[in-house]
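Engineer: Please find one structure pasted underneath; my questions will follow.
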Amino acid sequence: MRMKVCALDDLDIGGAIKLDVQPPVAVIRGESGDVFAIDDTCTHADASLSEGFVEGDAVECPLHMAFFCLKSGQPSCPPATVPVKTHRVELIDGDIYVEISRG
Amino acid sequence: MAISMSRSVVADIAHVAIVGASAAGAAAARVLRQEGYRGRISLIDRDPDGCYERPPLSKQMLLAESFDLSAAQLLNADECQTLDIATYFGIGVDDLQAATGELILTDGRTLHADVILLATGGKASCLPVPGGDGGLVHVLRSAADARRIREKLEDSGRIAVIGGGLIGAEAVASFLKLGKEVCWLDGAAQPLAHVLPQPIAEYLIAHHVSAGASLRTDVRIGAIRDNSPQGGVCLELGDGERIAVDMVVLGVGMVPDTRLARSAGLALAAGAIAVDKKQRTSHPRIYAAGDVASLYLGAGTYSRNQHWKSAEHQGMAAARAILGLPVPETPIPWFWSDQGDLHVEMAGKKGDETILRNEAKGLVAYEMKDGRIVGAASINNPNAVRLAMRLIRADAHISPTLLRDTGFDMRSLLRQDKGK
């Protein structure tokens, strides 16, 4: 499923938008300026990664400070051990689109 | 050389016994396996509820419609099975023989461990007054405590919360949310000011008072008595005043559970087990982590950090040290507290001066010392604290004027630092 998120200019560096799909997806702009999409719920506990602090192209879980690479979804710091799912992001005419992959 | 040494150390460890299955103990068990340890792991906790998160006990677990601890598991039964962790829940340790590594369990069994991690946490403190430690008062540290409070909630329209710390404030907020009449008593002149920057403490107090809490500070409790025949509990204050309530909840701190450490003859400091940054105690076989540990900072000083993240870090550090792996740097102290609809975070420590920044997302208070940020706290604005933690780590200099200026992009400070 492909979803239009917003214009690239409307997403600040370090900003995030939570897509209200099931399960929710976080669209996050890393400090490199690149936009990434990952599953929004931390794999360790019930917390929304769209509310997390962005450092580099990684996001820190707002609850317990697990750290996930936005590109690979891999956790780099405990307590999370399971990666978050990543979704493909496309930029078309200055707009952000996310291809939500399930299964 | 170092690698072969650490391998031989690991090969010698056939059995790691972890006493205490809360944040520190659970993290240690998990990290031992993650780092490839294949020997036996025993996770022992006298709490029959086993391995669960404590932070929700004063919040979600009081407010939720039903008490469901499965949502707050640190390690569930499936994970323990997958990670091959043998659990001994509902079973205590009667004695610990450091020389032999023997743990005598309360069910009569004896475990022989090569390495023992004490993550025994602590017990909720009582009040040293008549009735201050009996059935008339409730503490809030275990799932069973939270369950007992819940059972009495329906018949308790009027609740006294004694203690101005985080647990006390969280309990106050939870009870107010449940529509209770709350009498909040603190022995200090102001609740929360010992753990949070003054303006943040004031903000929270004002919030709870406007939500209906009746706050009494500088209170001395003389005695706590059964209020027969009317029922409920009567608090007798030092000045002779009496306050009748249906339930009393105590949040007056904790005492590290050092019983096993003492019986094993371990060195203590500041009332807890003295450990170094590798969580090593005075006995080479025994490590300690979490609330029961007192971390040596050098120059004769120790620090006890009784928060979730510190316990988790220390458990992880202990596991790595046991395996001969390098231990990551001690993180900047950090905690969160949920009080009603307010999410509070604090990182670092208090300084000499507090600077307020009124961000649209929520108030931030920076603690300053010698022109540097040494601490920060925020209300409903956690990422401001997460950013501040990075500035604290970077030892960033910043003028109070810039800090107050909400038009100034705080993130730019991090970029400057990276450019150095």
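We name chains A, B, ... following the order of the structure tokens; residues begin at 1 in each chain, and ligands are numbered from 1 as shown.
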For chain B, report every residue with an atom at most 9 Å from chain A (counting only C-alpha atoms), formatted as a ChimeraX atom specification.
Structural biologist: /B:27,31,34,71-72,308-309,312-313,316,336,382-384,386-387
Engineer: So that I can see what lies close to B:Ser282, please list as a list in words the residues with an atom at most 12 Å from it, counting only C-alpha atoms and leaving out residues fewer than 2 positions away in the same chain.
Structural biologist: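 Neighbouring residues, sequence-local ones excluded: Ala98, Ala261, Arg262, Ala264, Gly265, Leu266, Ala267, Leu268, Ala269, Ile273, Ala274, Val275, Asp276, Lys278, Gln279, Arg280, Pro284, Arg285, Ile286, Tyr287, Ala288, Ala293 and Tyr296 of chain B.
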Engineer: Create the file for the chosen residues now, containing C-alpha atoms and written as a PDB file, in the first residue's frame.
Structural biologist:
ATOM      1  CA  ALA B  98      30.698 -16.502  48.998  1.00  0.00           C
ATOM      2  CA  ALA B 261      25.523  -9.159  50.928  1.00  0.00           C
ATOM      3  CA  ARG B 262      26.013  -8.833  54.660  1.00  0.00           C
ATOM      4  CA  ALA B 264      28.451 -12.985  52.464  1.00  0.00           C
ATOM      5  CA  GLY B 265      30.621 -10.370  54.148  1.00  0.00           C
ATOM      6  CA  LEU B 266      30.633  -7.927  51.224  1.00  0.00           C
ATOM      7  CA  ALA B 267      31.827  -4.360  51.688  1.00  0.00           C
ATOM      8  CA  LEU B 268      28.995  -1.852  51.858  1.00  0.00           C
ATOM      9  CA  ALA B 269      28.982   1.882  51.122  1.00  0.00           C
ATOM     10  CA  ILE B 273      26.814  -2.913  48.166  1.00  0.00           C
ATOM     11  CA  ALA B 274      30.011  -1.154  47.099  1.00  0.00           C
ATOM     12  CA  VAL B 275      30.739  -1.836  43.419  1.00  0.00           C
ATOM     13  CA  ASP B 276      33.091  -0.496  40.783  1.00  0.00           C
ATOM     14  CA  LYS B 278      32.285  -3.339  36.352  1.00  0.00           C
ATOM     15  CA  GLN B 279      29.735  -3.949  39.119  1.00  0.00           C
ATOM     16  CA  ARG B 280      32.330  -5.972  41.050  1.00  0.00           C
ATOM     17  CA  PRO B 284      35.609 -11.790  43.139  1.00  0.00           C
ATOM     18  CA  ARG B 285      32.731 -14.222  42.626  1.00  0.00           C
ATOM     19  CA  ILE B 286      29.977 -11.732  43.399  1.00  0.00           C
ATOM     20  CA  TYR B 287      28.677  -8.776  41.384  1.00  0.00           C
ATOM     21  CA  ALA B 288      25.886  -6.389  42.320  1.00  0.00           C
ATOM     22  CA  ALA B 293      24.479  -1.283  44.436  1.00  0.00           C
ATOM     23  CA  TYR B 296      32.265   3.969  43.349  1.00  0.00           C
TER      24      TYR B 296
END
Engineer: Take atom CA of B:Ala244 and atom CA of B:Ala169 and report the distance between them in Å, one decimal.
Structural biologist: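 A separation of 20.2 Å between them.
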Engineer: As a PyMOL selection string, which residues of stretch 192-377 of chain B does DSSP assign to alpha helix (DSSP H)?
Structural biologist: chain B and resi 198-210+259-263+308-322
Engineer: Residues near A:Glu99, anyone? I mean within 8 Å using only C-alpha atoms, not counting same-chain ones fewer than 4 positions away, as a PyMOL selection string.
Structural biologist: chain A and resi 1-3+87-90
Engineer: Would you output that residue set with C-alpha atoms, as a PDB file, in the first residue's frame?
Structural biologist:
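Saved file part18.pdb follows:
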ATOM      1  CA  MET A   1       0.000   0.000   0.000  1.00  0.00           C
ATOM      2  CA  ARG A   2       1.381   3.367  -0.999  1.00  0.00           C
ATOM      3  CA  MET A   3       0.582   6.468   1.002  1.00  0.00           C
ATOM      4  CA  HIS A  87       9.278   0.690   4.682  1.00  0.00           C
ATOM      5  CA  ARG A  88      10.368   2.150   1.372  1.00  0.00           C
ATOM      6  CA  VAL A  89      10.206   5.922   1.021  1.00  0.00           C
ATOM      7  CA  GLU A  90       9.966   7.715  -2.330  1.00  0.00           C
TER       8      GLU A  90
END
Engineer: Using the chain letters and numbers from this document, which residues of stretch 78-115 of chain B does DSSP assign to strand (DSSP E), as a list of chain:residue names?
Structural biologist: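 Of stretch 78-115 of chain B, only B:Ile85, B:Ala86, B:Thr87, B:Tyr88, B:Phe89, B:Val93, B:Asp94, B:Asp95, B:Leu96, B:Gln97, B:Glu102, B:Leu103, B:Ile104, B:Leu105, B:Thr110, B:Leu111, B:His112, B:Val115 fall in strand (DSSP E).
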Engineer: Please determine, counting only C-alpha atoms, which residue among B:Gly300, B:Gly168, B:Gly134, B:Pro331 has the shortest atom-to-atom distance to B:Ala317.
Structural biologist: B:Pro331
Engineer: Would you mind listing what lies within 9 Å of stretch 142-157 of chain B as a ChimeraX atom specification, with only C-alpha atoms counted and same-chain residues fewer than 6 positions away left out?
Structural biologist: /B:47,49,52,54,57-58,61-63,67,69,175,179-182,232,245-247,249
